[in-house]
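Content type mmCIF, C-alpha atoms, from the file upload-v9.cif:
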data_data
loop_
_atom_site.label_atom_id
_atom_site.label_comp_id
_atom_site.auth_asym_id
_atom_site.auth_seq_id
_atom_site.Cartn_x
_atom_site.Cartn_y
_atom_site.Cartn_z
CA MET A 1442 13.19 -10.86 -22.09
CA GLU A 1443 11.55 -13.77 -20.35
CA ILE A 1444 9.08 -13.45 -17.48
CA GLU A 1445 8.14 -16.19 -15.08
CA VAL A 1446 5.48 -15.76 -12.39
CA LEU A 1447 6.78 -17.01 -9.07
CA GLU A 1448 3.85 -16.14 -6.85
CA LYS A 1449 0.55 -14.44 -7.43
CA ASP A 1450 -2.62 -13.67 -5.52
CA GLU A 1451 -5.18 -10.84 -5.56
CA LYS A 1452 -2.76 -8.28 -4.21
CA ASN A 1453 0.77 -9.60 -4.53
CA MET A 1454 2.85 -10.67 -7.46
CA ARG A 1455 6.42 -11.88 -7.71
CA LEU A 1456 8.07 -12.22 -11.06
CA LEU A 1457 11.36 -13.59 -12.28
CA ILE A 1458 12.52 -11.46 -15.18
CA ARG A 1459 15.36 -12.86 -17.28
CA GLY A 1460 17.45 -11.21 -19.96
CA THR A 1461 17.02 -7.55 -19.06
CA ASN A 1462 18.99 -4.80 -17.33
CA VAL A 1463 18.69 -2.40 -14.40
CA PRO A 1464 17.56 0.69 -16.39
CA HIS A 1465 14.69 -1.24 -17.88
CA VAL A 1466 13.45 -2.82 -14.63
CA ASN A 1467 13.92 0.45 -12.77
CA ALA A 1468 11.94 2.33 -15.42
CA LEU A 1469 9.14 -0.15 -14.91
CA ARG A 1470 9.27 0.30 -11.14
CA ARG A 1471 9.25 4.08 -11.35
CA ILE A 1472 6.39 4.13 -13.83
CA ILE A 1473 4.34 1.82 -11.62
CA MET A 1474 4.86 4.15 -8.66
CA THR A 1475 4.45 7.50 -10.37
CA GLU A 1476 2.58 7.15 -13.64
CA VAL A 1477 -0.02 4.40 -13.38
CA PRO A 1478 -3.28 6.20 -12.55
CA CYS A 1479 -5.73 5.08 -9.91
CA MET A 1480 -8.67 6.61 -8.10
CA ALA A 1481 -8.74 8.53 -4.83
CA VAL A 1482 -10.89 11.13 -3.14
CA ASP A 1483 -9.61 14.49 -4.33
CA GLU A 1484 -12.02 17.14 -3.11
CA ILE A 1485 -14.50 17.26 -0.28
CA VAL A 1486 -17.46 19.43 0.51
CA MET A 1487 -18.06 19.24 4.23
CA LEU A 1488 -21.71 19.97 4.88
CA GLU A 1489 -21.78 19.22 8.57
CA ASN A 1490 -19.17 17.95 10.97
CA SER A 1491 -19.76 17.96 14.68
CA SER A 1492 -17.35 15.10 15.31
CA ILE A 1493 -14.23 15.66 17.36
CA LEU A 1494 -11.95 15.27 14.34
CA GLN A 1495 -11.42 18.47 12.38
CA ASP A 1496 -12.56 18.74 8.76
CA GLU A 1497 -8.98 18.55 7.49
CA ILE A 1498 -8.26 15.31 9.32
CA VAL A 1499 -11.42 13.67 8.03
CA ALA A 1500 -10.57 14.90 4.51
CA HIS A 1501 -7.06 13.49 4.75
CA ARG A 1502 -8.33 10.14 5.96
CA LEU A 1503 -10.86 9.97 3.13
CA GLY A 1504 -8.15 10.77 0.61
CA LEU A 1505 -6.01 7.87 1.75
CA ILE A 1506 -8.74 5.24 1.37
CA PRO A 1507 -7.83 3.02 -1.57
CA LEU A 1508 -10.73 2.76 -4.01
CA LYS A 1509 -11.43 0.06 -6.56
CA THR A 1510 -10.55 1.69 -9.85
CA ASP A 1511 -12.16 1.35 -13.25
CA LEU A 1512 -9.54 2.59 -15.69
CA ASP A 1513 -11.52 1.78 -18.84
CA SER A 1514 -14.59 3.93 -18.18
CA TYR A 1515 -12.95 6.96 -16.61
CA ASN A 1516 -10.53 9.58 -17.93
CA LEU A 1517 -7.80 11.51 -16.23
CA PRO A 1518 -9.19 15.01 -15.47
CA GLU A 1519 -6.53 16.69 -17.66
CA GLU A 1520 -7.29 14.41 -20.61
CA CYS A 1521 -11.09 14.49 -20.30
CA PRO A 1522 -12.95 16.08 -23.22
CA CYS A 1523 -15.14 18.05 -20.78
CA LYS A 1524 -12.15 20.34 -20.00
CA SER A 1525 -13.97 21.46 -16.90
CA GLU A 1526 -12.26 22.09 -13.62
CA PHE A 1527 -15.20 20.63 -11.78
CA GLY A 1528 -15.34 17.45 -13.86
CA CYS A 1529 -18.03 15.47 -15.62
CA ASN A 1530 -19.43 11.94 -15.42
CA LEU A 1531 -16.40 10.63 -17.27
CA CYS A 1532 -13.78 11.96 -14.91
CA ARG A 1533 -15.43 12.26 -11.52
CA VAL A 1534 -17.36 10.05 -9.10
CA THR A 1535 -19.24 11.34 -6.09
CA LEU A 1536 -19.25 9.63 -2.73
CA THR A 1537 -21.60 10.74 0.02
CA LEU A 1538 -21.50 10.16 3.72
CA ASP A 1539 -24.39 10.98 6.03
CA VAL A 1540 -24.19 9.52 9.51
CA GLU A 1541 -25.55 10.53 12.85
CA ALA A 1542 -24.87 8.74 16.11
CA LYS A 1543 -28.39 8.35 17.44
CA GLU A 1544 -27.77 5.82 20.17
CA GLY A 1545 -24.47 6.23 21.92
CA THR A 1546 -20.95 6.25 20.50
CA LYS A 1547 -20.63 5.02 16.95
CA THR A 1548 -17.72 4.25 14.66
CA VAL A 1549 -18.21 5.34 11.06
CA TYR A 1550 -16.74 2.82 8.64
CA SER A 1551 -15.78 3.17 5.00
CA ASP A 1552 -18.70 1.00 3.84
CA GLU A 1553 -21.05 3.80 4.88
CA LEU A 1554 -19.72 5.89 2.00
CA LYS A 1555 -22.40 5.77 -0.69
CA SER A 1556 -21.00 5.80 -4.19
CA GLU A 1557 -22.61 7.13 -7.35
CA ASN A 1558 -21.10 4.17 -9.19
CA PRO A 1559 -21.11 0.98 -7.08
CA GLU A 1560 -17.97 -0.23 -8.85
CA ILE A 1561 -15.93 2.65 -7.44
CA ALA A 1562 -16.00 1.78 -3.76
CA PRO A 1563 -13.49 1.44 -0.94
CA VAL A 1564 -11.32 -1.66 -1.14
CA SER A 1565 -12.28 -2.57 2.40
CA GLY A 1566 -15.50 -1.66 4.17
CA LYS A 1567 -13.95 -1.94 7.61
CA ILE A 1568 -11.74 1.16 7.68
CA PRO A 1569 -12.72 3.40 10.62
CA LEU A 1570 -13.17 6.99 9.44
CA VAL A 1571 -14.39 8.82 12.53
CA LYS A 1572 -15.88 8.01 15.88
CA LEU A 1573 -18.98 9.93 16.85
CA ALA A 1574 -20.32 10.48 20.33
CA LYS A 1575 -24.08 10.55 20.82
CA GLU A 1576 -25.87 13.19 18.71
CA GLN A 1577 -22.74 14.06 16.73
CA LYS A 1578 -23.19 14.20 13.00
CA ILE A 1579 -21.11 14.04 9.88
CA ARG A 1580 -22.37 14.90 6.42
CA LEU A 1581 -20.11 15.31 3.42
CA GLU A 1582 -19.73 14.89 -0.30
CA ALA A 1583 -16.44 13.62 -1.68
CA TYR A 1584 -15.30 13.86 -5.29
CA VAL A 1585 -13.19 10.99 -6.58
CA ARG A 1586 -10.80 11.55 -9.46
CA LEU A 1587 -8.15 9.61 -11.28
CA GLY A 1588 -4.63 10.77 -10.55
CA LYS A 1589 -1.02 9.80 -10.64
CA GLY A 1590 1.40 8.83 -7.90
CA LYS A 1591 3.77 11.66 -8.80
CA ASN A 1592 1.17 14.18 -7.65
CA HIS A 1593 0.20 12.54 -4.39
CA ALA A 1594 0.97 9.18 -2.78
CA LYS A 1595 -2.76 8.47 -2.41
CA TRP A 1596 -2.80 7.87 -6.18
CA GLN A 1597 -0.11 5.24 -6.04
CA PRO A 1598 -1.60 1.88 -7.05
CA VAL A 1599 1.08 -0.03 -5.14
CA SER A 1600 2.19 -0.11 -1.55
CA MET A 1601 5.38 -1.90 -2.49
CA CYS A 1602 7.22 -2.27 -5.76
CA THR A 1603 10.81 -3.49 -5.66
CA TYR A 1604 13.29 -5.58 -7.56
CA LYS A 1605 16.53 -7.30 -6.69
CA TYR A 1606 19.17 -9.26 -8.52
CA MET A 1607 18.76 -12.99 -8.73
CA PRO A 1608 21.32 -14.36 -6.23
CA LYS A 1609 23.90 -16.92 -7.29
CA ILE A 1610 25.66 -18.93 -4.61
CA GLU A 1611 28.40 -21.45 -5.21
CA ILE A 1612 29.76 -23.76 -2.54
CA SER A 1613 32.99 -25.43 -3.53
CA LYS A 1614 34.10 -28.92 -2.48
CA ASN A 1615 36.59 -27.54 0.10
CA CYS A 1616 33.74 -26.75 2.51
CA ASP A 1617 34.22 -28.62 5.81
CA GLY A 1618 30.54 -28.33 6.72
CA CYS A 1619 31.02 -26.47 10.02
CA GLY A 1620 27.58 -24.93 9.65
CA LYS A 1621 28.49 -21.39 10.74
CA CYS A 1622 26.95 -19.95 7.58
CA VAL A 1623 23.74 -21.90 8.26
CA ASP A 1624 23.39 -20.28 11.68
CA ILE A 1625 24.25 -16.73 10.69
CA CYS A 1626 22.11 -16.43 7.55
CA PRO A 1627 19.18 -14.08 8.39
CA ARG A 1628 17.04 -15.52 5.60
CA ASN A 1629 17.66 -19.25 6.20
CA VAL A 1630 19.08 -19.77 2.75
CA TYR A 1631 21.23 -22.73 3.77
CA ALA A 1632 20.48 -26.11 5.23
CA LYS A 1633 22.93 -28.52 6.79
CA THR A 1634 22.68 -32.15 5.85
CA GLU A 1635 25.21 -34.46 7.50
CA ASN A 1636 28.55 -32.88 6.71
CA LYS A 1637 27.48 -30.75 3.84
CA VAL A 1638 25.96 -27.32 3.47
CA GLU A 1639 23.21 -27.09 0.90
CA ILE A 1640 21.23 -24.24 -0.53
CA ARG A 1641 17.62 -24.56 0.50
CA ASN A 1642 16.05 -21.29 -0.53
CA LEU A 1643 18.17 -19.37 -3.01
CA MET A 1644 15.56 -16.70 -3.82
CA ALA A 1645 15.41 -15.54 -0.19
CA CYS A 1646 19.08 -14.47 -0.21
CA ILE A 1647 19.56 -10.73 0.25
CA LEU A 1648 23.27 -10.75 -0.70
CA CYS A 1649 24.30 -9.61 2.77
CA MET A 1650 27.53 -11.68 2.60
CA ASP A 1651 27.30 -12.63 6.29
CA CYS A 1652 27.84 -16.26 5.34
CA VAL A 1653 31.12 -15.44 3.58
CA GLU A 1654 32.36 -13.41 6.54
CA ALA A 1655 31.34 -16.05 9.10
CA CYS A 1656 33.20 -18.81 7.27
CA THR A 1657 36.20 -20.11 9.22
CA GLN A 1658 38.12 -21.25 6.14
CA ASN A 1659 40.42 -19.01 4.16
CA PRO A 1660 39.70 -18.50 1.30
CA PRO A 1661 35.99 -19.12 2.01
CA PRO A 1662 34.48 -21.90 -0.07
CA ILE A 1663 31.22 -19.96 -0.45
CA GLU A 1664 30.96 -17.48 -3.23
CA VAL A 1665 27.93 -15.20 -3.24
CA SER A 1666 27.26 -13.20 -6.39
CA TRP A 1667 24.31 -12.29 -8.54
CA GLU A 1668 23.15 -12.81 -12.08
CA LYS A 1669 23.52 -9.50 -13.89
CA ASP A 1670 20.55 -9.97 -16.20
CA THR A 1671 18.01 -11.67 -13.94
CA PHE A 1672 15.76 -9.92 -11.46
CA ILE A 1673 13.17 -10.81 -8.90
CA PHE A 1674 10.45 -8.19 -9.19
CA SER A 1675 7.88 -7.96 -6.41
CA LEU A 1676 4.77 -5.85 -6.41
CA GLU A 1677 2.07 -5.36 -3.81
CA SER A 1678 -1.09 -3.63 -4.95
CA SER A 1679 -3.05 -1.35 -2.63
CA GLY A 1680 -6.16 -3.10 -3.91
CA ALA A 1681 -7.15 -0.38 -6.38
CA LEU A 1682 -6.06 -2.38 -9.41
CA SER A 1683 -5.06 -6.00 -9.89
CA PRO A 1684 -1.28 -6.54 -10.02
CA GLU A 1685 -1.44 -7.80 -13.62
CA ARG A 1686 -3.36 -4.70 -14.65
CA ILE A 1687 -0.80 -2.44 -12.98
CA LEU A 1688 2.03 -4.12 -14.86
CA SER A 1689 0.31 -4.09 -18.24
CA GLU A 1690 -0.68 -0.46 -17.74
CA ALA A 1691 2.91 0.43 -16.82
CA ILE A 1692 4.23 -1.23 -19.96
CA LYS A 1693 1.73 0.71 -22.07
CA ILE A 1694 2.84 3.99 -20.48
CA LEU A 1695 6.52 3.13 -20.96
CA ASP A 1696 5.90 2.47 -24.65
CA LYS A 1697 4.07 5.77 -25.02
CA GLN A 1698 6.83 7.71 -23.29
CA LEU A 1699 9.53 6.06 -25.41
CA LYS A 1700 7.64 6.92 -28.61
CA GLU A 1701 7.35 10.51 -27.51
CA PHE A 1702 11.05 10.61 -26.65
CA GLU A 1703 11.90 9.23 -30.09
CA SER A 1704 9.78 11.83 -31.87
CA GLN A 1705 11.40 14.62 -29.86
CA ILE A 1706 14.86 13.39 -30.81
CA LYS A 1707 13.80 13.41 -34.45
CA VAL A 1708 12.55 16.98 -34.18
CA LYS A 1709 15.82 18.04 -32.56
CA LYS A 1710 17.85 16.38 -35.33
CA ILE A 1711 15.84 18.11 -38.02
CA GLU A 1712 16.34 21.45 -36.28
CA GLU A 1713 20.09 20.94 -36.13
CA SER A 1714 20.53 19.84 -39.76
CA MET B 1475 -5.97 9.80 17.93
CA ILE B 1476 -7.61 7.27 15.62
CA ILE B 1477 -5.87 4.48 13.73
CA PRO B 1478 -4.27 5.85 10.53
CA VAL B 1479 -5.75 4.56 7.29
CA ARG B 1480 -2.43 3.59 5.75
CA CYS B 1481 1.07 2.76 6.90
CA PHE B 1482 3.13 5.96 7.16
CA THR B 1483 6.15 4.43 5.42
CA CYS B 1484 4.93 2.13 2.67
CA GLY B 1485 1.27 3.08 2.23
CA LYS B 1486 -0.24 -0.33 2.86
CA LEU B 1487 -3.84 -0.26 4.09
CA ILE B 1488 -3.80 -1.06 7.82
CA GLY B 1489 -6.86 0.77 9.17
CA ASP B 1490 -9.19 -2.12 8.41
CA VAL B 1491 -7.34 -4.66 10.55
CA TRP B 1492 -7.02 -2.52 13.68
CA GLU B 1493 -10.21 -3.64 15.39
CA GLU B 1494 -9.52 -7.32 14.87
CA PHE B 1495 -5.97 -6.78 16.10
CA ALA B 1496 -7.07 -4.89 19.21
CA THR B 1497 -9.71 -7.43 20.23
CA ARG B 1498 -7.39 -10.36 19.68
CA VAL B 1499 -4.62 -8.73 21.72
CA LYS B 1500 -7.10 -8.14 24.52
CA ALA B 1501 -8.11 -11.79 24.33
CA GLY B 1502 -4.52 -12.65 25.17
CA GLU B 1503 -3.10 -13.75 21.84
CA LYS B 1504 0.51 -13.00 20.97
CA ALA B 1505 0.81 -9.80 18.92
CA SER B 1506 3.40 -11.23 16.54
CA GLU B 1507 1.18 -14.19 15.71
CA ILE B 1508 -1.83 -11.97 15.06
CA LEU B 1509 0.18 -9.76 12.74
CA ASN B 1510 1.46 -12.77 10.84
CA SER B 1511 -2.04 -14.18 10.46
CA LEU B 1512 -3.34 -10.81 9.25
CA GLY B 1513 -0.66 -10.81 6.53
CA ILE B 1514 1.22 -7.78 7.81
CA LYS B 1515 4.79 -8.66 6.92
CA ARG B 1516 6.91 -5.50 6.93
CA TYR B 1517 8.07 -3.93 10.16
CA CYS B 1518 6.87 -0.49 9.07
CA CYS B 1519 3.27 -1.72 8.94
CA ARG B 1520 3.66 -3.83 12.08
CA ARG B 1521 4.75 -0.87 14.19
CA MET B 1522 1.69 1.08 13.04
CA LEU B 1523 -0.54 -1.39 14.86
CA LEU B 1524 1.82 -2.30 17.69
CA SER B 1525 2.48 1.27 18.78
CA HIS B 1526 -0.99 2.68 18.27
CA VAL B 1527 -3.06 4.03 21.16
CA GLU B 1528 -6.68 4.80 20.36
CA ILE B 1529 -6.84 8.15 22.22
CA ILE B 1530 -10.09 9.08 20.50
CA ASP B 1531 -11.89 6.73 22.90
CA GLU B 1532 -10.57 8.73 25.85
CA VAL B 1533 -11.55 12.04 24.27
CA LEU B 1534 -15.01 10.79 23.39
CA ARG B 1535 -15.68 10.04 27.05
CA PHE B 1536 -15.90 13.77 27.76
CA TYR B 1537 -18.65 14.12 25.18
CA GLU B 1538 -20.49 11.07 26.46
CA GLU B 1539 -20.41 12.46 29.99
CA ALA B 1540 -21.60 15.89 28.83
CA GLU B 1541 -24.48 14.18 27.08
CA LYS B 1542 -25.42 12.29 30.22
CA ARG B 1543 -25.34 15.49 32.27
CA LYS B 1544 -27.63 17.19 29.77
CA GLU B 1545 -30.08 14.31 29.98
CA ALA B 1546 -30.00 14.46 33.77
CA ARG B 1547 -30.74 18.16 33.71
CA ASN B 1548 -33.80 17.58 31.53
CA TYR B 1549 -34.97 14.84 33.83
CA TYR B 1550 -35.31 16.97 36.93
#
Now that the file is in, can you turn its structure into structure tokens?
Amino acid sequence: MEIEVLEKDEKNMRLLIRGTNVPHVNALRRIIMTEVPCMAVDEIVMLENSSILQDEIVAHRLGLIPLKTDLDSYNLPEECPCKSEFGCNLCRVTLTLDVEAKEGTKTVYSDELKSENPEIAPVSGKIPLVKLAKEQKIRLEAYVRLGKGKNHAKWQPVSMCTYKYMPKIEISKNCDGCGKCVDICPRNVYAKTENKVEIRNLMACILCMDCVEACTQNPPPIEVSWEKDTFIFSLESSGALSPERILSEAIKILDKQLKEFESQIKVKKIEES
Amino acid sequence: MIIPVRCFTCGKLIGDVWEEFATRVKAGEKASEILNSLGIKRYCCRRMLLSHVEIIDEVLRFYEEAEKRKEARNYY
């Protein structure tokens, strides 16, 4: 397996993975979405809420806020040695919010949430939580826990994680360069130069085959196919973890699950023999 | 009521760009250009902002008025 980074910034990553197969890439995708832990508000104690949004709505909004996650210093609640339902310092962070609109209408933003640990804070401080009219008050305590995407989408570290085959387009010499494929392509894969059609942006192709259908020649000189062992893997983090960290964490989890699977097969074989 | 924190479909954070989006639309900029400059690429996230109406502002007006009336009553 060979991995090449096509694009990368703080939140997005695009990889070209060579020499692998669908089950493997799909396992990676599913683990990223369902098994990689990240932090989110899990429980709330509402001390006072005179805003016009009900407690439940405020709680739901708080839960969806992506929080910067520190995976090394915190444990999953079910794996924490404290074994307490309430949690300890190793598996729980407390956020507090105490706002009153003293002068006129006020919007409460996510940066007003005070965290016990400054490293576990909302990804963006500009998310509106509630709007308060004059003299309305909101006071609450929120408990942040690590969790997995399979339990609730708020614990998903990614907002997008997809892969597609690497497209392969061949234009034979019979092409008369009419340019119909250039016009119809929704992704602007082709470019027309003089009397020839050239591929300008192969990676953008979504294998829709419109270019083959639009071709006036029979048989069409364009052949669109894909490379069976090469994938373009794109990932967009919610901001909780860096994309590299998500990927490395997913690989670790995949290894662990495969080891467990192997040991279970061994047990089964021993039982049978 | 109030802008949702995340996109309903994909889960991307969109709540934090709403205010910038709303003020720039009011200033007369083209919505599609604002969305592109804010880095909102998918149509699921774009519709979250495009189709949103901040009704909470309308509801809050009732409370603001009630407050004013209370103040007026104390004044006399």
| Excluding same-chain residues fewer than 6 positions from range 1600-1609 of chain A, what lies within 7 Å of it counting all atoms listed in the file, as a ChimeraX atom specification? | /A:1470,1643-1644,1646,1648,1665-1669,1671-1679 /B:1484-1486
| message | One number please: CA of Arg1628 in chain A to CA of Val1466 in chain A, in Å, one decimal. | response |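 Between CA of Arg1628 in chain A and CA of Val1466 in chain A the gap is 24.2 Å.
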Within 7 Å of chain B, which residues of chain A show up? Give each one with its shortest atom-to-atom distance in Å (one decimal) and the two atoms involved, counting all atoms listed in the file, rows by chain then rising residue number, as JSON lines.
{"residue": "A:Arg1502", "atom": "CA", "partner": "B:Val1479", "partner_atom": "CA", "distance": 6.3}
{"residue": "A:Leu1505", "atom": "CA", "partner": "B:Val1479", "partner_atom": "CA", "distance": 6.5}
{"residue": "A:Ile1506", "atom": "CA", "partner": "B:Val1479", "partner_atom": "CA", "distance": 6.7}
{"residue": "A:Ser1565", "atom": "CA", "partner": "B:Asp1490", "partner_atom": "CA", "distance": 6.8}
{"residue": "A:Lys1567", "atom": "CA", "partner": "B:Asp1490", "partner_atom": "CA", "distance": 4.8}
{"residue": "A:Ile1568", "atom": "CA", "partner": "B:Asp1490", "partner_atom": "CA", "distance": 4.2}
{"residue": "A:Pro1569", "atom": "CA", "partner": "B:Gly1489", "partner_atom": "CA", "distance": 6.6}
{"residue": "A:Ala1574", "atom": "CA", "partner": "B:Leu1534", "partner_atom": "CA", "distance": 6.1}
{"residue": "A:Lys1575", "atom": "CA", "partner": "B:Glu1538", "partner_atom": "CA", "distance": 6.7}
{"residue": "A:Ser1600", "atom": "CA", "partner": "B:Gly1485", "partner_atom": "CA", "distance": 5.0}
{"residue": "A:Met1601", "atom": "CA", "partner": "B:Cys1484", "partner_atom": "CA", "distance": 6.6}
{"residue": "A:Ser1679", "atom": "CA", "partner": "B:Lys1486", "partner_atom": "CA", "distance": 6.3}
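Taking CA of Leu1524 in chain B and CA of Cys1626 in chain A as the two end points, the separation is 26.7 Å.
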| field | Polymer residues at most 12 Å from Thr1634 in chain A, all atoms listed in the file, same-chain spacing of 6 or more positions, as a list of chain:residue names | value | A:Gly1618, A:Cys1619, A:Gly1620, A:Val1623, A:Ile1640, A:Arg1641
| note | Shortest contact to Asp1450 in chain A, candidates A:Ile1473, A:Ser1683, A:Leu1581, A:Ser1491, atoms counted only C-alpha atoms, goes to A:Ser1683
| Nearest to Thr1475 in chain A by atom-to-atom distance, counting only C-alpha atoms, from A:Asp1696, A:Glu1701, A:Glu1690, A:Glu1541 | A:Glu1690
| request: Would you mind telling me which residue in A:Thr1535, A:Val1499, A:Lys1572, A:Pro1563 lies nearest to Glu1532 in chain B when using all atoms listed in the file? | output: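 Closest candidate: A:Lys1572.
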Would you kindly return, as a PDB file with C-alpha atoms, keeping the file's coordinate frame, each protein, DNA or RNA residue with an atom no farther than 8 Å from any atom of Glu1611 in chain A, considering only C-alpha atoms and excluding same-chain residues fewer than 6 positions away?
ATOM      1  CA  PRO A1662      34.480 -21.900  -0.070  1.00  0.00           C
ATOM      2  CA  ILE A1663      31.220 -19.960  -0.450  1.00  0.00           C
ATOM      3  CA  GLU A1664      30.960 -17.480  -3.230  1.00  0.00           C
ATOM      4  CA  VAL A1665      27.930 -15.200  -3.240  1.00  0.00           C
TER       5      VAL A1665
END
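In this structure, CA of Lys1504 in chain B sits 18.4 Å away from CA of Cys1518 in chain B.
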| said: From the options A:Lys1591, A:Arg1459, A:Lys1621, A:Lys1707, which residue's atoms come nearest to Arg1471 in chain A, counting all atoms listed in the file? | reply: A:Lys1591
| task | Would you please work out which residue, of A:Arg1580, A:Lys1709, A:Arg1586, A:Lys1555, is nearest to Cys1521 in chain A when using all atoms listed in the file? | result | A:Arg1586
Within 10 Å of (-3.4, -12.6, 14.6) (coordinates as in the file), grab all the protein and nucleic acid residues, counting all atoms listed in the file, and write them out as a PDB file with C-alpha atoms, keeping the file's coordinate frame.
ATOM      1  CA  VAL B1491      -7.340  -4.660  10.550  1.00  0.00           C
ATOM      2  CA  GLU B1494      -9.520  -7.320  14.870  1.00  0.00           C
ATOM      3  CA  PHE B1495      -5.970  -6.780  16.100  1.00  0.00           C
ATOM      4  CA  ALA B1496      -7.070  -4.890  19.210  1.00  0.00           C
ATOM      5  CA  THR B1497      -9.710  -7.430  20.230  1.00  0.00           C
ATOM      6  CA  ARG B1498      -7.390 -10.360  19.680  1.00  0.00           C
ATOM      7  CA  VAL B1499      -4.620  -8.730  21.720  1.00  0.00           C
ATOM      8  CA  GLU B1503      -3.100 -13.750  21.840  1.00  0.00           C
ATOM      9  CA  LYS B1504       0.510 -13.000  20.970  1.00  0.00           C
ATOM     10  CA  ALA B1505       0.810  -9.800  18.920  1.00  0.00           C
ATOM     11  CA  SER B1506       3.400 -11.230  16.540  1.00  0.00           C
ATOM     12  CA  GLU B1507       1.180 -14.190  15.710  1.00  0.00           C
ATOM     13  CA  ILE B1508      -1.830 -11.970  15.060  1.00  0.00           C
ATOM     14  CA  LEU B1509       0.180  -9.760  12.740  1.00  0.00           C
ATOM     15  CA  ASN B1510       1.460 -12.770  10.840  1.00  0.00           C
ATOM     16  CA  SER B1511      -2.040 -14.180  10.460  1.00  0.00           C
ATOM     17  CA  LEU B1512      -3.340 -10.810   9.250  1.00  0.00           C
ATOM     18  CA  GLY B1513      -0.660 -10.810   6.530  1.00  0.00           C
ATOM     19  CA  ILE B1514       1.220  -7.780   7.810  1.00  0.00           C
TER      20      ILE B1514
END
| Of the residues A:Arg1533, A:Lys1589, A:Lys1700, A:Arg1686, which is the one nearest to Lys1452 in chain A, using all atoms listed in the file? |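 Result for the nearest residue to Lys1452 in chain A: A:Arg1686.
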| task | May I have the protein, DNA and RNA residues with an atom at most 9 Å from (-2.5, 9.6, -11.3), counting all atoms listed in the file in the file's coordinates, returned as a list of chain:residue names? | result |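 The residues that fall inside the cut-off are A:Thr1475, A:Glu1476, A:Val1477, A:Pro1478, A:Cys1479, A:Met1480, A:Leu1517, A:Arg1586, A:Leu1587, A:Gly1588, A:Lys1589, A:Gly1590, A:Lys1591, A:Asn1592, A:His1593, A:Lys1595, A:Trp1596, A:Gln1597, A:Pro1598.
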